[in-house]
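In what follows, a structure is listed as structure tokens, so that the remarks can point back to it.
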Amino acid sequence: MTTAEMLELRNKAQMRAVLPAEGIPVPTARIKRLREAWKAAEPRLCIARAVLYTQSCREHGGDSPIVRSARAFQAVCAGLPVTLFPDELIVGIPGAERRSGSVDPELSWQWIEAELDDFQSRDQDPYLVTEAQKARLREEIFPFWKGRSLEEAYLARLPEETAWVTVDTGVVDNDSKWRSYVGENTPDFQDIVFAKGFAGLLAEARERLAALEPTNREQLAKLEFYKAAILSCEGIIELGRRYAQEAARLAGLERDLKRKMELERIAEVCQRVPAFPPRSFREALQMLWFVQVGRVLAENAVALNLGRLDQYLYPYYVEDVAKGILTPSEAQELLDCLWIKLSEWIWAVSANTARFFAGYSAFQNLTVGGRRPDGSDGTTILSYMCLRAAAEVRTHQPNLSVRIHADCPEEFLLATCRLARFGMGFPAIHNDRTGTAMLLATGLSPEDARDWSNCGCVVPHSRKIGEWTAAANINLGSALEFALNDGCSRLDGRRLGLATGKPSSFKSFDELKTAFFMQLAYLVKQASIATVVAQQVHSELAPRPFFSLLVAGCMEQGRDLSQGGAKYNVGAVLTGIGLADAANSLEAVRTLVFEHPIVTLPALCEALDRDWEGHGELRAMALKCSKYGNDEEQVDRLAVTISDFFQKEIRSRCDWFGSPFNSAFMGISNYLPAGSVVGATPDGRRAWSPLTEGCSAHAGTDATSPTAVMKSAAKLNHESHSGGTLLNIKFSPGALKTDRDIANLAAMIRAYFELGAFHVQFNVFSKETLTAAQSNPEEHQDLLVRVAGYSARFVTLSKDVQNAIIARTSYEHL
Amino acid sequence: MTQGDPPSGVIFDIQRWSTQDGPGIRTTIFFKGCPLRCAWCCNPEAWSLQPQLGLFQDKCHGCGACLRACTQGVARPAAAHIRVEAACTACGVCLTVCPQGARQLFGQHMAAEAILAEVERDRVFQRRSGGGVTFSGGEPTSQPELLQYLAERLGGSGSPLVLETCGQFSWSDNKAALGLMALVYFDLKHMDSAAHERLTGVGNALILENAARIAAAGIPMSVRLPLIPGHNDDNENLARTALFVTGQLGATVPIEILPYHVLGRHKYPAIGARYALEGLVPVSADFLAQTQTKLEALGARVSR
């Protein structure tokens with residue numbers, strides 16, 4: 001037996017111990033202190049990056065956009081304050097403060113200027129900002145970018161009709177794509193970053209540059225690309241060098257001998273990476289973090305994913321353990337340090353975007369488990385350690401995803417379920433096979449498709465892909481409203497849809513359904529236009545030289561990511577919001593107006609206009625119509641029909657790179673703002689209240705059982721929505737208590753995946769939710785609680801029983 | 001039963017994702033009708049063999065929507081509030097209009113095929129978890145033809161079948177269905193027949209006889225003892241229970257204690273019944289543990 005094989009066996013034996021069946025894992029004292037410091041730090045606006053970036057652009061006005069961007073990145077790496085915090089083992093922050101949110105005025109400065117005075121006081125995700133920062137932004141930064149920003153170019157170029165439907169309407173929304181950078185990237189650590197180091201990439205760019213004969217348009221573009229690549233490499237190498245220097249300086253001052261040695265070790269690590277390939281687990285982790293800092297500095301953006309960490313770090317782990325220079329608990333602590341780091345920086349966004357992506361979440365997705373490119377199981381001890389890091393660090397980042405396949409180790413699935421029990425909503429659990437199928441459909445080779453990892457929320461992605469994974473949101477609730485209201489919004493009466501006729505004009509349910517599909521197709525068309533224009537403007541004004549170093553294809557072709565340089569250009573993703581609401585509403589109209597006519601369509605629409613005021617009985621009947629999420633064929637079939645239509649309509653158009661668009665029903669918090677522009681709907685929903693995320697059931701309506709929700713959701717053709725599908729299920733803490741509960745949960749997941757579905761995640765609700773359900777039963781029809789040997793819907797219980805269960809839930813909650 | 005039309009019956013609930021009534025994820029079929037009237041029963045709506053309408057007064061706001069909808073004209077207002085009249089046929093129309101959800105229909109006639117279709121919905125979850133179908137109630141043996149038909153149709157599918165019974169049934173009518181069970185949860189409420197009759201309305205002779213028959217037939221069983229403070233928790237009853245189980249049923253047959261709780265009490269007024277144990281305090285976790293220990297000391301195998 002080789003040493004590696006022996007280690008493999010030992011690792012297998014240790015796996016169970018990594019996330020024990022009993023109790024909550026406890027981190028080291030260092031991690032506890034780091035966590036406390038993180039919690040104590042308030043989110044702040046940081047303008048250091050904006051100042052340095054703007055200065056550089058001011059001085060180098062003659063550069064091509066890509067070189068100007070890379071030169072500015074280099075200036076930021078060279079000028080940003082370098083800060084190490086006590087106890088840190090992994091170092092580097094993309095700002096001046098521990099929890100910094102940077103702004104990118106070159107993309108969009110107008111929202112920053114407009115909202116600057118409100119940053120501190122807004123409800124969703126506020127940031128601290130000083131008067132001095134405000135003054136500097138207003139006097140020095142904004143004036144320079146006036147007339148130069150991407151936002152201005154985008155809005156100037158957007159066709160009038162598309163602007164009318166999509167700009168700040170909530171009907172079609174893509175503001176994160178013209179008020180922010182794109183992000184949505186997964187670096188190729190194993191074959192590019194770790195294999196070459198940035199010094200290696202720099203040498204490669206120089207070589208390719210030297211080999212060019214810039215005598216035509218194509219070669220000239222490559223020339224600019226390689227110049228920018230060189231500047232980007234120099235930038236990130238300089239950042240690492242400055243951290244090495246600072247660590248060495250601090251080590252010289254440090255009185256505590258233990259910390260002094262730690263600082264010396266940090267200095268050593270930073271002298272090696274990110275310039276050169278890492279030689280150890282520790283160096284690989286630090287290099288990964290420098291890449292993350294680099295990405296944040298280049299683009300203050302969402303979904304800067306980490307890919308399959310349990311795959312690309314595993315060789316370093318095995319080698320270090322074999323050499324005796326790393327123990328499993330040291331590796332765990334280092335991973336925990338990474339978790340803290342990933343939670344520190346803030347993705348600074350507009351108030352509007354914050355409503356769509358609530359909770360300071362930067363959607364840095366990290367994926368563990370799943371098959372290797374050759375199809376064999378890739379679960380490693382690091383897969384378990386990542387689950388443990390999530391359990392013991394308990395921060396909101398990274399977004400941890402697991403891939404489960406039919407023959408993945410049962411122990412890994414059980415560990416996943418035990419983590420779900422902690423009620424953090426992590427991990428997001430994915431069907432390995434469906435993710436692969438989704439990517440095969442977009443043109444990836446089988447090997448690359450099997451090597452998928454998640455992007456952001458639930459988008460199957462890869463280190464070889466360039467893709468706008470959350471290009472636009474399309475409000476299905478609006479499409480329905482427009483069908484019932486001759487194309488007009490109930491919010492302000494504006495005609496944002498097509499004039500498909502007044503309610504009285506529909507003689508059959510099919511006619512109404514046709515009108516709905518026409519409206520939906522129209523919104524898809526507008527979302528496609530908005531996306532293509534945004535992609536065009538990005539390709540001109542927002543090149544991505546640093547990101548282009550990280551993705552296979554760009555260096556070889558000498559073409560930027562924003563120009564389609566990636567090995568695969570996968571079509572931008574258009575996300576449908578409110579699938580359940582659209583299906584439920586059509587079903588209610590079918591039942592109440594056409595099947596058992598108890599109300600005419602105009603009369604129903606009048607009740608909607610009045611938000612059901614004075615129509616309590618009609619609303620009661622509407623609420624009692626079949627709802628998606630209860631495994632009832634007719635309404636579920638409507639959801640399938642709508643989602644299939646949406647997918648076909650979307651796939652019929654191509655994005656700026658010439659790749660067909662992809663459909664998705666994913667989450668984020670977009671169902672809240674999307675709901676806020678949709679009036680009352682025929683399913684009994686009140687005006688302006690939330691819609692539904694992904695392919696979940698509308699909150700409170702999945703009253704049958706979790707298995708019924710899964711059956712409903714699995715009826716959708718998940719594999720055809722290559723942008724991902726999402727299902728959230730709520731559990732009472734009492735339902736996930738025993739080993740038997742965990743085993744049953746594991747079986748449910750396997751069954752759901754056997755049905756072909758893609759993703760599920762579990763929320764464990766709290767005592768507060770139950771209290772809220774007492775005062776507002778209507779919105780909490782779905783809360784299942786264990787009463788006594790059986791489960792019941794909480795709202796159907798008497799007040800006494802409810803109180804008893806609330807009292808019990810307080811100690812049930814972990 | 002192999003001849004004639006498939007049977008139908010009155011079912012008051014089919015619960016999917018049931019995880020407490022046997023191994024794995026189960027679909028539990030609640031049969032309506034029970035020969036016992038246990039004072040602590042938490043499913044009193046299952047006593048009658050017929051569908052019936054329940055009205056939860058604490059949810060009723062007296063809006064009168066049900067009155068306007070009632071096809072029989074019987075849901076008329078009483079002095080202070082709306083109530084269910086004797087002439088109610090449990091048609092269920094009033095349920096659809098009640099904005100408060102104060103009305104509930106307990107039980108409906110279902111064809112066996114409809115019940116099987118409902119079971120089929122969660123088959124993938126049952127299969128994956130080693131679960132299956134549990135027959136509960138009410139008392140499943142009170143509708144023996146339906147029970148046997150369902151057991152035969154489901155028996156060959158590889159999903160373990162479980163029966164929950166009070167034990168008061170005709171052996172000859174239910175023998176065939178019992179033989180198909182992978183596990184029988186069998187209630188022993190009191191070992192003294194007179195006390196049993198006082199608490200449940202019937203003596204225990206047939207129940208004890210049926211328990212012994214199930215054991216003799218080699219059908220795996222698990223005894224359930226509802227622990228009702230002051231009524232069956234005395235040392236003598238515990239000792240006699242342990243002795244009966246270990247002596248008559250087998251040393252390996254486990255006893256599971258079901259601690260008294262009040263979580264079904266609110267359903268009594270909804271069906272116009274009176275709750276006889278008003279004021280009785282639910283069993284504490286400590287008391288439950290003590291009683292379990294006592295039973296173990298008496299040689300019984302207690303499942304905790």
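Every chain in the structure tokens takes a letter, A first, then B, and so on in the order presented; its residues are numbered from 1, and the ligands are numbered from 1 following the presented order.
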
(request) Give the residues of chain B that lie within 8 Å of chain A; count only C-alpha atoms, and format the answer as a ChimeraX atom specification. (result) /B:16-21,24-25,58,65,96-99,121-122,124-125,128-129,261-263,266

(message) Residues near region 317-333 of chain A, anyone? I mean within 7 Å using only C-alpha atoms, not counting same-chain ones fewer than 3 positions away, as number ranges by chain.
(response) A: 280-281, 313-314, 336-337, 385

(request) For region 100-103 of chain B, work out the shell of residues within 8 Å, counting only C-alpha atoms and skipping chain neighbours fewer than 5 positions away, then give it as a PyMOL selection string. (result) chain B and resi 53-61+94-95

For Ile14 (chain B), find every residue with an atom within 12 Å (counting only C-alpha atoms), except residues of its own chain fewer than 6 positions away, and show them as an mmCIF file with all heavy atoms, in the first residue's frame.
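Result went into around07.cif, see below:
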```
data_model
loop_
_atom_site.group_PDB
_atom_site.id
_atom_site.type_symbol
_atom_site.label_atom_id
_atom_site.label_comp_id
_atom_site.auth_asym_id
_atom_site.auth_seq_id
_atom_site.Cartn_x
_atom_site.Cartn_y
_atom_site.Cartn_z
ATOM 1 N N THR A 704 -49.591 20.497 2.585
ATOM 2 C CA THR A 704 -49.780 19.042 2.631
ATOM 3 C C THR A 704 -48.646 18.341 3.367
ATOM 4 O O THR A 704 -48.853 17.771 4.430
ATOM 5 C CB THR A 704 -49.924 18.475 1.201
ATOM 6 O OG1 THR A 704 -50.983 19.178 0.554
ATOM 7 C CG2 THR A 704 -50.259 16.997 1.237
ATOM 8 N N SER A 705 -47.465 18.377 2.811
ATOM 9 C CA SER A 705 -46.304 17.747 3.457
ATOM 10 C C SER A 705 -45.065 18.138 2.677
ATOM 11 O O SER A 705 -45.168 18.521 1.511
ATOM 12 C CB SER A 705 -46.438 16.218 3.470
ATOM 13 O OG SER A 705 -46.303 15.709 2.155
ATOM 14 N N TYR A 790 -47.378 12.997 16.050
ATOM 15 C CA TYR A 790 -47.804 13.288 14.690
ATOM 16 C C TYR A 790 -47.525 14.750 14.392
ATOM 17 O O TYR A 790 -47.252 15.534 15.295
ATOM 18 C CB TYR A 790 -49.289 12.977 14.487
ATOM 19 C CG TYR A 790 -50.240 13.876 15.220
ATOM 20 C CD1 TYR A 790 -50.828 14.960 14.561
ATOM 21 C CD2 TYR A 790 -50.550 13.680 16.558
ATOM 22 C CE1 TYR A 790 -51.701 15.795 15.228
ATOM 23 C CE2 TYR A 790 -51.421 14.507 17.235
ATOM 24 C CZ TYR A 790 -52.006 15.564 16.561
ATOM 25 O OH TYR A 790 -52.872 16.398 17.217
ATOM 26 N N SER A 791 -47.592 15.091 13.129
ATOM 27 C CA SER A 791 -47.345 16.468 12.746
ATOM 28 C C SER A 791 -48.653 17.129 12.351
ATOM 29 O O SER A 791 -49.520 16.491 11.775
ATOM 30 C CB SER A 791 -46.382 16.515 11.555
ATOM 31 O OG SER A 791 -45.135 16.027 11.957
ATOM 32 N N ARG B 26 -43.511 7.360 6.031
ATOM 33 C CA ARG B 26 -44.713 6.557 5.846
ATOM 34 C C ARG B 26 -45.901 7.418 5.446
ATOM 35 O O ARG B 26 -45.931 8.612 5.695
ATOM 36 C CB ARG B 26 -45.058 5.804 7.137
ATOM 37 C CG ARG B 26 -43.859 5.207 7.837
ATOM 38 C CD ARG B 26 -44.236 4.321 8.989
ATOM 39 N NE ARG B 26 -44.961 3.146 8.564
ATOM 40 C CZ ARG B 26 -44.419 2.076 7.977
ATOM 41 N NH1 ARG B 26 -43.114 2.044 7.777
ATOM 42 N NH2 ARG B 26 -45.156 1.058 7.604
ATOM 43 N N THR B 27 -46.840 6.767 4.829
ATOM 44 C CA THR B 27 -48.137 7.393 4.627
ATOM 45 C C THR B 27 -49.085 6.709 5.597
ATOM 46 O O THR B 27 -49.207 5.482 5.588
ATOM 47 C CB THR B 27 -48.606 7.214 3.178
ATOM 48 O OG1 THR B 27 -47.679 7.905 2.330
ATOM 49 C CG2 THR B 27 -49.996 7.797 2.982
ATOM 50 N N THR B 28 -49.695 7.483 6.475
ATOM 51 C CA THR B 28 -50.577 6.902 7.482
ATOM 52 C C THR B 28 -52.033 7.146 7.088
ATOM 53 O O THR B 28 -52.426 8.275 6.792
ATOM 54 C CB THR B 28 -50.289 7.492 8.873
ATOM 55 O OG1 THR B 28 -48.928 7.207 9.207
ATOM 56 C CG2 THR B 28 -51.197 6.900 9.930
ATOM 57 N N ILE B 29 -52.789 6.056 7.064
ATOM 58 C CA ILE B 29 -54.209 6.138 6.716
ATOM 59 C C ILE B 29 -55.015 6.071 8.011
ATOM 60 O O ILE B 29 -54.931 5.089 8.751
ATOM 61 C CB ILE B 29 -54.599 4.967 5.788
ATOM 62 C CG1 ILE B 29 -53.694 4.961 4.554
ATOM 63 C CG2 ILE B 29 -56.068 5.048 5.404
ATOM 64 C CD1 ILE B 29 -53.810 3.680 3.744
ATOM 65 N N PHE B 30 -55.752 7.108 8.286
ATOM 66 C CA PHE B 30 -56.546 7.161 9.511
ATOM 67 C C PHE B 30 -57.980 6.733 9.203
ATOM 68 O O PHE B 30 -58.713 7.467 8.541
ATOM 69 C CB PHE B 30 -56.525 8.574 10.108
ATOM 70 C CG PHE B 30 -55.172 8.984 10.642
ATOM 71 C CD1 PHE B 30 -54.233 9.596 9.814
ATOM 72 C CD2 PHE B 30 -54.841 8.764 11.969
ATOM 73 C CE1 PHE B 30 -52.983 9.969 10.302
ATOM 74 C CE2 PHE B 30 -53.595 9.138 12.476
ATOM 75 C CZ PHE B 30 -52.664 9.736 11.629
ATOM 76 N N PHE B 31 -58.335 5.544 9.703
ATOM 77 C CA PHE B 31 -59.693 5.025 9.515
ATOM 78 C C PHE B 31 -60.617 5.678 10.526
ATOM 79 O O PHE B 31 -60.243 5.883 11.670
ATOM 80 C CB PHE B 31 -59.724 3.509 9.751
ATOM 81 C CG PHE B 31 -59.080 2.685 8.675
ATOM 82 C CD1 PHE B 31 -57.744 2.844 8.363
ATOM 83 C CD2 PHE B 31 -59.822 1.723 7.985
ATOM 84 C CE1 PHE B 31 -57.140 2.063 7.367
ATOM 85 C CE2 PHE B 31 -59.236 0.947 6.999
ATOM 86 C CZ PHE B 31 -57.897 1.115 6.689
ATOM 87 N N LYS B 32 -61.839 5.941 10.104
ATOM 88 C CA LYS B 32 -62.797 6.508 11.042
ATOM 89 C C LYS B 32 -63.561 5.367 11.729
ATOM 90 O O LYS B 32 -63.770 4.308 11.154
ATOM 91 C CB LYS B 32 -63.752 7.464 10.319
ATOM 92 C CG LYS B 32 -64.213 8.625 11.205
ATOM 93 C CD LYS B 32 -64.726 9.772 10.381
ATOM 94 C CE LYS B 32 -65.391 10.877 11.158
ATOM 95 N NZ LYS B 32 -66.143 10.557 12.332
ATOM 96 N N PHE B 106 -64.582 16.143 9.234
ATOM 97 C CA PHE B 106 -63.886 14.979 9.770
ATOM 98 C C PHE B 106 -64.393 13.741 9.060
ATOM 99 O O PHE B 106 -65.495 13.274 9.319
ATOM 100 C CB PHE B 106 -64.113 14.861 11.276
ATOM 101 C CG PHE B 106 -63.531 16.011 12.067
ATOM 102 C CD1 PHE B 106 -64.330 16.775 12.914
ATOM 103 C CD2 PHE B 106 -62.188 16.323 11.971
ATOM 104 C CE1 PHE B 106 -63.798 17.813 13.645
ATOM 105 C CE2 PHE B 106 -61.642 17.369 12.707
ATOM 106 C CZ PHE B 106 -62.456 18.119 13.539
ATOM 107 N N GLY B 107 -63.626 13.229 8.158
ATOM 108 C CA GLY B 107 -63.954 11.978 7.487
ATOM 109 C C GLY B 107 -64.654 12.178 6.168
ATOM 110 O O GLY B 107 -65.416 13.124 5.989
ATOM 111 N N GLN B 108 -64.310 11.306 5.223
ATOM 112 C CA GLN B 108 -65.035 11.285 3.962
ATOM 113 C C GLN B 108 -65.029 9.870 3.416
ATOM 114 O O GLN B 108 -64.158 9.066 3.729
ATOM 115 C CB GLN B 108 -64.400 12.253 2.962
ATOM 116 C CG GLN B 108 -62.923 11.991 2.740
ATOM 117 C CD GLN B 108 -62.356 12.826 1.604
ATOM 118 O OE1 GLN B 108 -63.008 13.015 0.585
ATOM 119 N NE2 GLN B 108 -61.144 13.320 1.774
ATOM 120 N N MET B 110 -64.275 7.189 0.931
ATOM 121 C CA MET B 110 -63.237 7.056 -0.090
ATOM 122 C C MET B 110 -63.231 5.635 -0.625
ATOM 123 O O MET B 110 -63.280 4.666 0.146
ATOM 124 C CB MET B 110 -61.849 7.363 0.478
ATOM 125 C CG MET B 110 -61.540 8.842 0.642
ATOM 126 S SD MET B 110 -59.834 9.067 1.213
ATOM 127 C CE MET B 110 -58.941 9.062 -0.345
ATOM 128 N N ALA B 114 -58.956 5.111 -4.498
ATOM 129 C CA ALA B 114 -58.559 6.499 -4.240
ATOM 130 C C ALA B 114 -57.527 6.550 -3.112
ATOM 131 O O ALA B 114 -56.578 7.339 -3.149
ATOM 132 C CB ALA B 114 -59.773 7.338 -3.889
ATOM 133 N N ILE B 115 -57.720 5.684 -2.127
ATOM 134 C CA ILE B 115 -56.758 5.630 -1.014
ATOM 135 C C ILE B 115 -55.402 5.146 -1.537
ATOM 136 O O ILE B 115 -54.360 5.711 -1.224
ATOM 137 C CB ILE B 115 -57.273 4.688 0.104
ATOM 138 C CG1 ILE B 115 -58.606 5.209 0.652
ATOM 139 C CG2 ILE B 115 -56.228 4.543 1.201
ATOM 140 C CD1 ILE B 115 -59.318 4.232 1.569
ATOM 141 N N LEU B 116 -55.452 4.122 -2.379
ATOM 142 C CA LEU B 116 -54.203 3.577 -2.934
ATOM 143 C C LEU B 116 -53.490 4.624 -3.797
ATOM 144 O O LEU B 116 -52.259 4.716 -3.782
ATOM 145 C CB LEU B 116 -54.504 2.320 -3.761
ATOM 146 C CG LEU B 116 -54.928 1.102 -2.937
ATOM 147 C CD1 LEU B 116 -55.478 0.004 -3.834
ATOM 148 C CD2 LEU B 116 -53.751 0.574 -2.117
ATOM 149 N N ALA B 117 -54.277 5.420 -4.518
ATOM 150 C CA ALA B 117 -53.670 6.459 -5.358
ATOM 151 C C ALA B 117 -52.943 7.480 -4.481
ATOM 152 O O ALA B 117 -51.868 7.986 -4.828
ATOM 153 C CB ALA B 117 -54.740 7.143 -6.195
ATOM 154 N N GLU B 118 -53.532 7.760 -3.347
ATOM 155 C CA GLU B 118 -52.919 8.703 -2.410
ATOM 156 C C GLU B 118 -51.607 8.129 -1.852
ATOM 157 O O GLU B 118 -50.619 8.841 -1.717
ATOM 158 C CB GLU B 118 -53.933 8.979 -1.284
ATOM 159 C CG GLU B 118 -53.739 10.256 -0.512
ATOM 160 C CD GLU B 118 -53.698 11.515 -1.358
ATOM 161 O OE1 GLU B 118 -54.355 11.557 -2.420
ATOM 162 O OE2 GLU B 118 -52.980 12.452 -0.956
ATOM 163 N N VAL B 119 -51.630 6.845 -1.540
ATOM 164 C CA VAL B 119 -50.424 6.178 -1.039
ATOM 165 C C VAL B 119 -49.326 6.211 -2.109
ATOM 166 O O VAL B 119 -48.154 6.428 -1.822
ATOM 167 C CB VAL B 119 -50.741 4.714 -0.641
ATOM 168 C CG1 VAL B 119 -49.449 3.928 -0.403
ATOM 169 C CG2 VAL B 119 -51.614 4.689 0.608
ATOM 170 N N GLU B 120 -49.745 6.017 -3.357
ATOM 171 C CA GLU B 120 -48.800 5.933 -4.470
ATOM 172 C C GLU B 120 -47.966 7.217 -4.607
ATOM 173 O O GLU B 120 -46.805 7.182 -5.001
ATOM 174 C CB GLU B 120 -49.589 5.668 -5.765
ATOM 175 C CG GLU B 120 -48.730 5.309 -6.958
ATOM 176 C CD GLU B 120 -47.913 4.043 -6.759
ATOM 177 O OE1 GLU B 120 -48.366 3.142 -6.035
ATOM 178 O OE2 GLU B 120 -46.797 3.984 -7.321
ATOM 179 N N ARG B 121 -48.586 8.351 -4.249
ATOM 180 C CA ARG B 121 -47.914 9.643 -4.430
ATOM 181 C C ARG B 121 -46.551 9.713 -3.747
ATOM 182 O O ARG B 121 -45.634 10.346 -4.239
ATOM 183 C CB ARG B 121 -48.774 10.762 -3.855
ATOM 184 C CG ARG B 121 -50.008 11.075 -4.649
ATOM 185 C CD ARG B 121 -50.950 11.901 -3.788
ATOM 186 N NE ARG B 121 -52.104 12.368 -4.540
ATOM 187 C CZ ARG B 121 -52.155 13.544 -5.155
ATOM 188 N NH1 ARG B 121 -51.130 14.350 -5.103
ATOM 189 N NH2 ARG B 121 -53.238 13.903 -5.800
ATOM 190 N N ASP B 122 -46.447 9.094 -2.578
ATOM 191 C CA ASP B 122 -45.186 9.200 -1.836
ATOM 192 C C ASP B 122 -44.360 7.921 -1.911
ATOM 193 O O ASP B 122 -43.454 7.717 -1.111
ATOM 194 C CB ASP B 122 -45.450 9.566 -0.370
ATOM 195 C CG ASP B 122 -45.370 11.071 -0.147
ATOM 196 O OD1 ASP B 122 -45.180 11.801 -1.135
ATOM 197 O OD2 ASP B 122 -45.493 11.513 1.015
ATOM 198 N N VAL B 133 -46.592 1.963 4.662
ATOM 199 C CA VAL B 133 -47.926 2.464 4.985
ATOM 200 C C VAL B 133 -48.287 2.025 6.394
ATOM 201 O O VAL B 133 -48.023 0.896 6.802
ATOM 202 C CB VAL B 133 -48.951 1.922 3.966
ATOM 203 C CG1 VAL B 133 -50.365 2.305 4.368
ATOM 204 C CG2 VAL B 133 -48.619 2.449 2.570
ATOM 205 N N THR B 134 -48.891 2.943 7.154
ATOM 206 C CA THR B 134 -49.387 2.637 8.491
ATOM 207 C C THR B 134 -50.902 2.800 8.500
ATOM 208 O O THR B 134 -51.424 3.793 7.990
ATOM 209 C CB THR B 134 -48.740 3.566 9.535
ATOM 210 O OG1 THR B 134 -47.334 3.323 9.569
ATOM 211 C CG2 THR B 134 -49.318 3.335 10.919
ATOM 212 N N PHE B 135 -51.572 1.810 9.045
ATOM 213 C CA PHE B 135 -53.032 1.890 9.215
ATOM 214 C C PHE B 135 -53.308 2.342 10.638
ATOM 215 O O PHE B 135 -52.888 1.699 11.599
ATOM 216 C CB PHE B 135 -53.673 0.526 8.946
ATOM 217 C CG PHE B 135 -53.352 -0.022 7.583
ATOM 218 C CD1 PHE B 135 -52.371 -0.990 7.419
ATOM 219 C CD2 PHE B 135 -54.024 0.451 6.459
ATOM 220 C CE1 PHE B 135 -52.061 -1.488 6.152
ATOM 221 C CE2 PHE B 135 -53.722 -0.044 5.182
ATOM 222 C CZ PHE B 135 -52.736 -1.014 5.035
ATOM 223 N N SER B 136 -54.002 3.453 10.754
ATOM 224 C CA SER B 136 -54.240 3.994 12.085
ATOM 225 C C SER B 136 -55.677 4.492 12.157
ATOM 226 O O SER B 136 -56.470 4.289 11.234
ATOM 227 C CB SER B 136 -53.227 5.111 12.364
ATOM 228 O OG SER B 136 -53.365 5.581 13.674
ATOM 229 N N GLY B 137 -56.003 5.170 13.233
ATOM 230 C CA GLY B 137 -57.389 5.632 13.324
ATOM 231 C C GLY B 137 -57.573 6.643 14.420
ATOM 232 O O GLY B 137 -56.621 7.322 14.781
#
```

(request) Would you mind listing what lies within 7 Å of Phe509 (chain A) as a PyMOL selection string, with only C-alpha atoms counted and same-chain residues fewer than 4 positions away left out? (result) chain A and resi 513+590+594

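The list of residues with at least one atom within 8 Å of Ala251 (chain B), based on only C-alpha atoms and without residues fewer than 6 positions apart in the same chain, reads Val245, Ala300 and Arg301 of chain B.
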
(request) Check the DSSP output for the backbone and give back, as a PyMOL selection string, the residues of region 37-260 of chain B in strand (DSSP E or B). (result) chain B and resi 52-55+77+82+103-106+108-111+133-137+161-165+183-187+221-227+254-259

Those residues you just picked out, can you put them in a file as a short mmCIF file (atom, residue, chain, number, x, y, z; two decimals), in the first residue's frame with C-alpha atoms?
```cif
data_model
loop_
_atom_site.label_atom_id
_atom_site.label_comp_id
_atom_site.auth_asym_id
_atom_site.auth_seq_id
_atom_site.Cartn_x
_atom_site.Cartn_y
_atom_site.Cartn_z
CA GLN B 52 -69.03 14.70 10.53
CA LEU B 53 -68.57 18.43 10.52
CA GLY B 54 -66.50 20.12 13.22
CA LEU B 55 -66.72 23.76 14.18
CA PRO B 77 -76.90 30.95 14.25
CA ILE B 82 -72.90 29.60 15.00
CA ARG B 103 -64.89 24.55 9.98
CA GLN B 104 -63.39 21.19 9.34
CA LEU B 105 -64.82 18.07 7.78
CA PHE B 106 -63.89 14.98 9.77
CA GLN B 108 -65.03 11.29 3.96
CA HIS B 109 -66.13 8.27 1.99
CA MET B 110 -63.24 7.06 -0.09
CA ALA B 111 -62.96 4.20 -2.54
CA VAL B 133 -47.93 2.46 4.98
CA THR B 134 -49.39 2.64 8.49
CA PHE B 135 -53.03 1.89 9.22
CA SER B 136 -54.24 3.99 12.09
CA GLY B 137 -57.39 5.63 13.32
CA LEU B 161 -47.02 -2.35 6.60
CA VAL B 162 -47.79 -1.23 10.13
CA LEU B 163 -51.05 -1.40 12.09
CA GLU B 164 -51.97 0.67 15.11
CA THR B 165 -54.80 -0.96 17.03
CA LEU B 183 -45.37 -4.56 12.80
CA VAL B 184 -48.42 -4.11 15.02
CA TYR B 185 -48.56 -1.33 17.60
CA PHE B 186 -50.94 -2.72 20.19
CA ASP B 187 -52.43 -0.58 22.98
CA MET B 221 -45.56 -6.36 17.79
CA SER B 222 -44.87 -3.44 20.02
CA VAL B 223 -47.06 -2.64 23.00
CA ARG B 224 -48.13 0.91 23.66
CA LEU B 225 -49.17 2.08 27.10
CA PRO B 226 -50.86 5.47 27.26
CA LEU B 227 -49.74 6.79 30.63
CA PRO B 254 -41.05 -3.76 23.60
CA ILE B 255 -43.33 -1.46 25.55
CA GLU B 256 -43.56 2.15 24.47
CA ILE B 257 -45.10 4.64 26.87
CA LEU B 258 -47.27 7.34 25.31
CA PRO B 259 -47.37 10.13 27.89
#
```

(request) Tell me which protein, DNA and RNA residues are within 8 Å of Arg544 (chain A), counting only C-alpha atoms, leaving out same-chain ones fewer than 6 positions away, and put them as an NGL selection string. (result) :A and (66 or 69 or 298 or 560-562)
